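Beneath this line is the structure, given in structure tokens, with notes to follow.
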Amino acid sequence: MNSFVAPEIQWAALSPILVVAGAAILGVLVATFVPASSRRTVQVFIALAAPLAALVLIAWRFNLVVGGSESTLVAGQLAEDGPTLVFQAVLCLFALVGFAVMASKLPSGEEAFAPQGAAAPGTPYEEAARKAGLEQTEVFPLALFSLTGMLVFPMANDLLVLFVALEVLSLPLYVLTALARRRRVLSQEASLKYFLLGAFSSALFLFGIALLYGFSGSLGYGQLATAAQASVGMDGMAVVGFLLVLVGLLFKVGAVPFHAWVPDVYQGAPTPVTGFMAAATKAAAFGAILRLLYVAAPGFGWDLEPALWAIAIASMLVGTVLAIVQTDIKRILAYSSVAHAGFALVAITALPEGGPSALTFYLLAYGFATVGAFAVVTLVRERDAEGNVTGEATHLSQWAGLGKRHPVLAGMMTLFLLSFAGIPLTAGFVGKFVAFVAAVEGGAWPLVVVAVVASAAAAFFYVRIIVLMYFTAPEESERPGADAVRPGTLTGVALWVCSIVTVVLGVWPTPVLDLLAQAAKFVV
């Protein structure tokens, strides 16, 4: 009779994840037991303290692990190495600035979330909840639960653990997407689309897991890599399995042709959630893709490379072309994120040695600019005939002249747009440069040529917004007028942090690049 041997749990290695998960559970208890008058303050404190504490623990583990103590944990189902800890640190940084934007209110006291998520849009129940001043503080534990799944994503060394992390990451985001305070129907429609397409991609993901289990007899990455060298005549099953698993991950990245949810969800979700989701979800999914390709599937690099090439090229071209014809600022940033998914894929398509560090830097630069850009969008608001602030002014025509009325805010938005475009002295330029260099070293120079052309074309719609803000006079139209409101303290801090990081990484990237190169070793 076989006896079950319980795996040894290295609790210290799991401490960053446990802190965030514990904070999420604590947030649920706060929503239940803390008086309404102080509930929001406590929730915001927990939401900001958790990723900060996790960041400290990650730094502690980094000093202990990187340089020789990398290892697998929990019977090989998790891995603690440089790439894991770096991606977890990046995710916690994005969470800090993203949660700060979520926690801010307008000067009128209005927040971005519906007063009562269960209220049907346009009903007397919803109006009564608004008049009563109810606040949806559950958004903070939901965001922390999602962050918990994200932290497990780059650490997963087993396909089943990866699937569980995928669901923990996704389910809270489906709910958060439906909680916009204004345009409730659009928000709920976006949530439903996200859920349905996410469920479909999860089914493909599970089918891929089944095929890979049939190929190797195991769900562990190390065993998959070993089976690639030993199995004969079953390579087709393995390639299809890896492609289906990649579909589930590329859906989260928003790469073509798995991008159909991106523009609608980015437009309909509460804008602070959009910023957090655009930065953190993409980083977490790319962390999982890195480990899958470099640890589990290096033996199938030649088989997977044509598909990765096609997805990267399609993402860059489709994202760029469709962004050019948009008139809504959130949809422009959505298609921009599709194009950036393609640019990021360029760094790792040929599995070069410098791919992991180049991709991580690219995501770091992109993520801070993304959170900052969506934070600016939350502050540009419509005004009615009486001058009252209403919803967000997302139509491009409403941004005309913003640079003259609010030069600091427009200057920050300009900085983020220039970073997206890859203009020198911004983090985006260095990010694209190191990604393209890694691709050339891997022999994918034709892909870099396409990326350079797409990047040049993408600069058009970024520059168009800058020209609109500084060199176009507002015109009388049927649309409500637009103006920017004063940012709350937390949003202001987040904006300045994103701006400073974007400049510093563009002017002096060497320390970060050296650190990422040092932490690029995967444990098998």
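Within each chain, counting starts at residue 1; across the structure tokens, chains are named A, B, ... in the order shown, with ligands numbered 1 upward in that order.
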Inset, instruction - Write out as a list of chain:residue names which residues come within 10 Å of Gly411 in chain A when counting only C-alpha atoms, dropping same-chain ones fewer than 5 positions away. - result: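 The residues that qualify are A:Leu402, A:Gly403, A:His406, A:Phe416, A:Leu417, A:Ile466, A:Met469, A:Tyr470, A:Ser499.
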Write a file of the selected residues as an mmCIF file, in the first residue's frame, keeping C-alpha atoms.
data_model
loop_
_atom_site.group_PDB
_atom_site.id
_atom_site.type_symbol
_atom_site.label_atom_id
_atom_site.label_comp_id
_atom_site.auth_asym_id
_atom_site.auth_seq_id
_atom_site.Cartn_x
_atom_site.Cartn_y
_atom_site.Cartn_z
ATOM 1 C CA LEU A 402 -6.170 70.780 -22.047
ATOM 2 C CA GLY A 403 -2.496 71.762 -22.106
ATOM 3 C CA HIS A 406 -4.016 72.327 -16.940
ATOM 4 C CA PHE A 416 3.355 58.840 -20.672
ATOM 5 C CA LEU A 417 2.380 59.060 -24.348
ATOM 6 C CA ILE A 466 -0.417 65.745 -27.697
ATOM 7 C CA MET A 469 -3.958 69.075 -25.939
ATOM 8 C CA TYR A 470 -1.503 71.847 -26.811
ATOM 9 C CA SER A 499 6.133 60.264 -13.955
#
Per residue of range 28-50 of chain A within 12 Å of range 94-117 of chain A, record the nearest atom pair and its distance in Å to one decimal, counting only C-alpha atoms, with rows in chain order and ascending residue number, as a Markdown table.
| residue | atom | partner | partner_atom | distance |
| --- | --- | --- | --- | --- |
| A:Arg40 | CA | A:Ala103 | CA | 8.8 |
| A:Thr41 | CA | A:Ala103 | CA | 9.2 |
| A:Val42 | CA | A:Ala103 | CA | 11.2 |
| A:Gln43 | CA | A:Ala103 | CA | 9.2 |
| A:Val44 | CA | A:Ala103 | CA | 6.3 |
| A:Phe45 | CA | A:Ala103 | CA | 9.6 |
| A:Ile46 | CA | A:Phe99 | CA | 10.4 |
| A:Ala47 | CA | A:Phe99 | CA | 6.8 |
| A:Leu48 | CA | A:Leu96 | CA | 5.9 |
| A:Ala49 | CA | A:Leu96 | CA | 8.6 |
| A:Ala50 | CA | A:Leu96 | CA | 8.9 |
Inset, instruction - Excluding Ala228 in chain A and residues on its chain fewer than 2 positions from it, collect all residues at most 9 Å away from it, counting only C-alpha atoms, and give them as a ChimeraX atom specification. - result: /A:215-216,223-226,230-232,234-235,238,296-300
Put those residues in a file: N, CA and C atoms, as a PDB file, in the first residue's frame.
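Now in selection_25.pdb:
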ATOM      1  N   PHE A 215       0.874  13.601 -22.766  1.00  0.00           N
ATOM      2  CA  PHE A 215       2.199  13.516 -23.399  1.00  0.00           C
ATOM      3  C   PHE A 215       3.268  13.093 -22.403  1.00  0.00           C
ATOM      4  N   SER A 216       3.227  13.669 -21.197  1.00  0.00           N
ATOM      5  CA  SER A 216       4.335  13.470 -20.261  1.00  0.00           C
ATOM      6  C   SER A 216       3.976  12.635 -19.044  1.00  0.00           C
ATOM      7  N   GLN A 223       9.220  17.859 -15.550  1.00  0.00           N
ATOM      8  CA  GLN A 223       8.893  16.589 -16.182  1.00  0.00           C
ATOM      9  C   GLN A 223       8.484  16.775 -17.640  1.00  0.00           C
ATOM     10  N   LEU A 224       7.834  17.900 -17.951  1.00  0.00           N
ATOM     11  CA  LEU A 224       7.485  18.193 -19.341  1.00  0.00           C
ATOM     12  C   LEU A 224       8.752  18.368 -20.184  1.00  0.00           C
ATOM     13  N   ALA A 225       9.717  19.090 -19.633  1.00  0.00           N
ATOM     14  CA  ALA A 225      10.967  19.284 -20.367  1.00  0.00           C
ATOM     15  C   ALA A 225      11.706  17.962 -20.560  1.00  0.00           C
ATOM     16  N   THR A 226      11.677  17.091 -19.547  1.00  0.00           N
ATOM     17  CA  THR A 226      12.335  15.785 -19.662  1.00  0.00           C
ATOM     18  C   THR A 226      11.634  14.905 -20.679  1.00  0.00           C
ATOM     19  N   ALA A 230      12.582  12.447 -24.254  1.00  0.00           N
ATOM     20  CA  ALA A 230      12.438  10.990 -24.224  1.00  0.00           C
ATOM     21  C   ALA A 230      11.332  10.469 -25.123  1.00  0.00           C
ATOM     22  N   SER A 231      10.267  11.255 -25.306  1.00  0.00           N
ATOM     23  CA  SER A 231       9.106  10.767 -26.051  1.00  0.00           C
ATOM     24  C   SER A 231       9.376  10.762 -27.548  1.00  0.00           C
ATOM     25  N   VAL A 232       8.862   9.755 -28.210  1.00  0.00           N
ATOM     26  CA  VAL A 232       9.027   9.629 -29.652  1.00  0.00           C
ATOM     27  C   VAL A 232       7.639   9.480 -30.276  1.00  0.00           C
ATOM     28  N   MET A 234       5.160  11.590 -30.268  1.00  0.00           N
ATOM     29  CA  MET A 234       4.066  12.296 -29.597  1.00  0.00           C
ATOM     30  C   MET A 234       4.301  13.806 -29.567  1.00  0.00           C
ATOM     31  N   ASP A 235       5.249  14.251 -30.378  1.00  0.00           N
ATOM     32  CA  ASP A 235       5.568  15.674 -30.374  1.00  0.00           C
ATOM     33  C   ASP A 235       4.367  16.526 -30.788  1.00  0.00           C
ATOM     34  N   ALA A 238       2.199  17.322 -27.869  1.00  0.00           N
ATOM     35  CA  ALA A 238       2.818  18.292 -26.972  1.00  0.00           C
ATOM     36  C   ALA A 238       2.739  19.699 -27.547  1.00  0.00           C
ATOM     37  N   ALA A 296       9.541  24.729 -19.313  1.00  0.00           N
ATOM     38  CA  ALA A 296       8.789  23.541 -19.721  1.00  0.00           C
ATOM     39  C   ALA A 296       8.926  23.226 -21.205  1.00  0.00           C
ATOM     40  N   ALA A 297       9.049  24.253 -22.050  1.00  0.00           N
ATOM     41  CA  ALA A 297       8.959  24.028 -23.496  1.00  0.00           C
ATOM     42  C   ALA A 297      10.199  24.401 -24.297  1.00  0.00           C
ATOM     43  N   PRO A 298      11.408  24.444 -23.709  1.00  0.00           N
ATOM     44  CA  PRO A 298      12.560  24.821 -24.557  1.00  0.00           C
ATOM     45  C   PRO A 298      12.828  23.821 -25.664  1.00  0.00           C
ATOM     46  N   GLY A 299      12.441  22.546 -25.455  1.00  0.00           N
ATOM     47  CA  GLY A 299      12.647  21.551 -26.489  1.00  0.00           C
ATOM     48  C   GLY A 299      11.731  21.701 -27.685  1.00  0.00           C
ATOM     49  N   PHE A 300      10.704  22.535 -27.534  1.00  0.00           N
ATOM     50  CA  PHE A 300       9.756  22.754 -28.637  1.00  0.00           C
ATOM     51  C   PHE A 300       9.830  24.190 -29.158  1.00  0.00           C
TER      52      PHE A 300
END
Inset, instruction - Return the single residue from A:Leu211, A:Val139, A:Leu243, A:Leu186 that is closest to Asp303 in chain A, with distances computed using only C-alpha atoms. - result: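 So, comparing all the options, the nearest one is A:Leu243.
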Inset, instruction - Mind checking which residues fall within 9 Å of Val450 in chain A, counting only C-alpha atoms, ignoring those fewer than 6 positions away in the same chain, and posting them as a list in words? - result: Ile313, Met316 and Leu317 of chain A
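With only C-alpha atoms as the atoms that count, the minimum distance from Leu345 in chain A to the choices A:Ala435, A:Ile332, A:Leu293, A:Ala285 is reached by A:Ala435.
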Inset, instruction - Extract, using only C-alpha atoms, all DNA, RNA and protein residues at most 7 Å from range 500-505 of chain A, discarding same-chain residues fewer than 4 positions from it, and format them as a PyMOL selection string. - result: chain A and resi 365+368-369+425-427+496+509
Could you dump the residues just selected with N, CA and C atoms as a compact mmCIF listing (two decimals), in the first residue's frame?
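Contents of the output file out_0.txt:
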# COMPACT_ATOMS: atom_id res chain seq x y z
N ALA A 365 8.48 49.50 -17.62
CA ALA A 365 8.30 50.82 -18.24
C ALA A 365 6.87 51.02 -18.71
N PHE A 368 4.08 51.40 -15.53
CA PHE A 368 3.98 52.69 -14.84
C PHE A 368 3.35 53.75 -15.73
N ALA A 369 3.71 53.76 -17.00
CA ALA A 369 3.11 54.72 -17.92
C ALA A 369 1.61 54.46 -18.09
N LEU A 425 14.93 59.23 -23.89
CA LEU A 425 14.90 59.81 -22.56
C LEU A 425 13.62 59.47 -21.81
N THR A 426 12.87 58.50 -22.30
CA THR A 426 11.75 57.95 -21.54
C THR A 426 12.00 56.45 -21.35
N ALA A 427 11.31 55.89 -20.37
CA ALA A 427 11.49 54.47 -20.08
C ALA A 427 11.07 53.61 -21.26
N TRP A 496 2.74 61.36 -9.72
CA TRP A 496 4.13 61.81 -9.62
C TRP A 496 5.09 60.61 -9.60
N PRO A 509 18.85 53.85 -16.76
CA PRO A 509 18.29 52.51 -16.60
C PRO A 509 19.29 51.45 -16.17
Inset, instruction - Apply DSSP to the structure's backbone, then extract all residues of range 280-496 of chain A labelled strand (DSSP E) and return them as a list of chain:residue names. - result: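 Those in range 280-496 of chain A that DSSP calls strand (DSSP E) are A:Val380, A:Arg381, A:Glu382, A:Arg383, A:Val389, A:Thr390, A:Gly391, A:Glu392, A:Gly481, A:Ala482, A:Asp483, A:Ala484.
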File of the preceding selection, N, CA, C and O atoms, as a PDB file, in the first residue's frame:
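Wrote part_28.pdb, looks like this:
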ATOM      1  N   VAL A 380      -9.966  63.983 -16.146  1.00  0.00           N
ATOM      2  CA  VAL A 380     -10.519  64.822 -17.215  1.00  0.00           C
ATOM      3  C   VAL A 380     -12.007  64.517 -17.300  1.00  0.00           C
ATOM      4  O   VAL A 380     -12.412  63.439 -17.739  1.00  0.00           O
ATOM      5  N   ARG A 381     -12.838  65.477 -16.866  1.00  0.00           N
ATOM      6  CA  ARG A 381     -14.267  65.220 -16.679  1.00  0.00           C
ATOM      7  C   ARG A 381     -15.120  66.139 -17.538  1.00  0.00           C
ATOM      8  O   ARG A 381     -14.720  67.242 -17.901  1.00  0.00           O
ATOM      9  N   GLU A 382     -16.320  65.669 -17.836  1.00  0.00           N
ATOM     10  CA  GLU A 382     -17.311  66.500 -18.522  1.00  0.00           C
ATOM     11  C   GLU A 382     -17.942  67.476 -17.547  1.00  0.00           C
ATOM     12  O   GLU A 382     -18.055  67.206 -16.361  1.00  0.00           O
ATOM     13  N   ARG A 383     -18.371  68.620 -18.080  1.00  0.00           N
ATOM     14  CA  ARG A 383     -19.128  69.590 -17.290  1.00  0.00           C
ATOM     15  C   ARG A 383     -20.416  69.920 -18.026  1.00  0.00           C
ATOM     16  O   ARG A 383     -20.403  70.151 -19.234  1.00  0.00           O
ATOM     17  N   VAL A 389     -19.524  68.943 -12.510  1.00  0.00           N
ATOM     18  CA  VAL A 389     -18.710  67.844 -13.006  1.00  0.00           C
ATOM     19  C   VAL A 389     -19.579  66.595 -13.131  1.00  0.00           C
ATOM     20  O   VAL A 389     -20.315  66.239 -12.210  1.00  0.00           O
ATOM     21  N   THR A 390     -19.511  65.941 -14.281  1.00  0.00           N
ATOM     22  CA  THR A 390     -20.281  64.715 -14.485  1.00  0.00           C
ATOM     23  C   THR A 390     -19.320  63.550 -14.757  1.00  0.00           C
ATOM     24  O   THR A 390     -18.433  63.289 -13.973  1.00  0.00           O
ATOM     25  N   GLY A 391     -19.487  62.856 -15.885  1.00  0.00           N
ATOM     26  CA  GLY A 391     -18.660  61.691 -16.166  1.00  0.00           C
ATOM     27  C   GLY A 391     -17.315  62.056 -16.774  1.00  0.00           C
ATOM     28  O   GLY A 391     -16.981  63.228 -16.971  1.00  0.00           O
ATOM     29  N   GLU A 392     -16.536  61.022 -17.066  1.00  0.00           N
ATOM     30  CA  GLU A 392     -15.238  61.233 -17.689  1.00  0.00           C
ATOM     31  C   GLU A 392     -15.397  61.712 -19.121  1.00  0.00           C
ATOM     32  O   GLU A 392     -16.295  61.276 -19.846  1.00  0.00           O
ATOM     33  N   GLY A 481     -18.830  70.192 -22.421  1.00  0.00           N
ATOM     34  CA  GLY A 481     -17.482  70.697 -22.256  1.00  0.00           C
ATOM     35  C   GLY A 481     -16.692  69.834 -21.289  1.00  0.00           C
ATOM     36  O   GLY A 481     -17.244  69.050 -20.517  1.00  0.00           O
ATOM     37  N   ALA A 482     -15.387  69.953 -21.340  1.00  0.00           N
ATOM     38  CA  ALA A 482     -14.540  69.119 -20.491  1.00  0.00           C
ATOM     39  C   ALA A 482     -13.521  69.988 -19.772  1.00  0.00           C
ATOM     40  O   ALA A 482     -13.092  71.028 -20.269  1.00  0.00           O
ATOM     41  N   ASP A 483     -13.174  69.549 -18.574  1.00  0.00           N
ATOM     42  CA  ASP A 483     -12.167  70.221 -17.785  1.00  0.00           C
ATOM     43  C   ASP A 483     -11.539  69.173 -16.873  1.00  0.00           C
ATOM     44  O   ASP A 483     -12.067  68.069 -16.726  1.00  0.00           O
ATOM     45  N   ALA A 484     -10.423  69.494 -16.280  1.00  0.00           N
ATOM     46  CA  ALA A 484      -9.759  68.571 -15.364  1.00  0.00           C
ATOM     47  C   ALA A 484     -10.042  68.990 -13.935  1.00  0.00           C
ATOM     48  O   ALA A 484     -10.081  70.178 -13.616  1.00  0.00           O
TER      49      ALA A 484
END
Inset, instruction - Might you pull out every residue within 9 Å of Gly354 in chain A, with only C-alpha atoms counted and same-chain residues fewer than 3 positions away left off, and present them as number ranges by chain? - result: A: 347-348, 351, 357-359, 434-435, 437-439, 441-442, 517, 520
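From CA of Pro487 in chain A back to CA of Phe374 in chain A, the distance works out to 12.6 Å.
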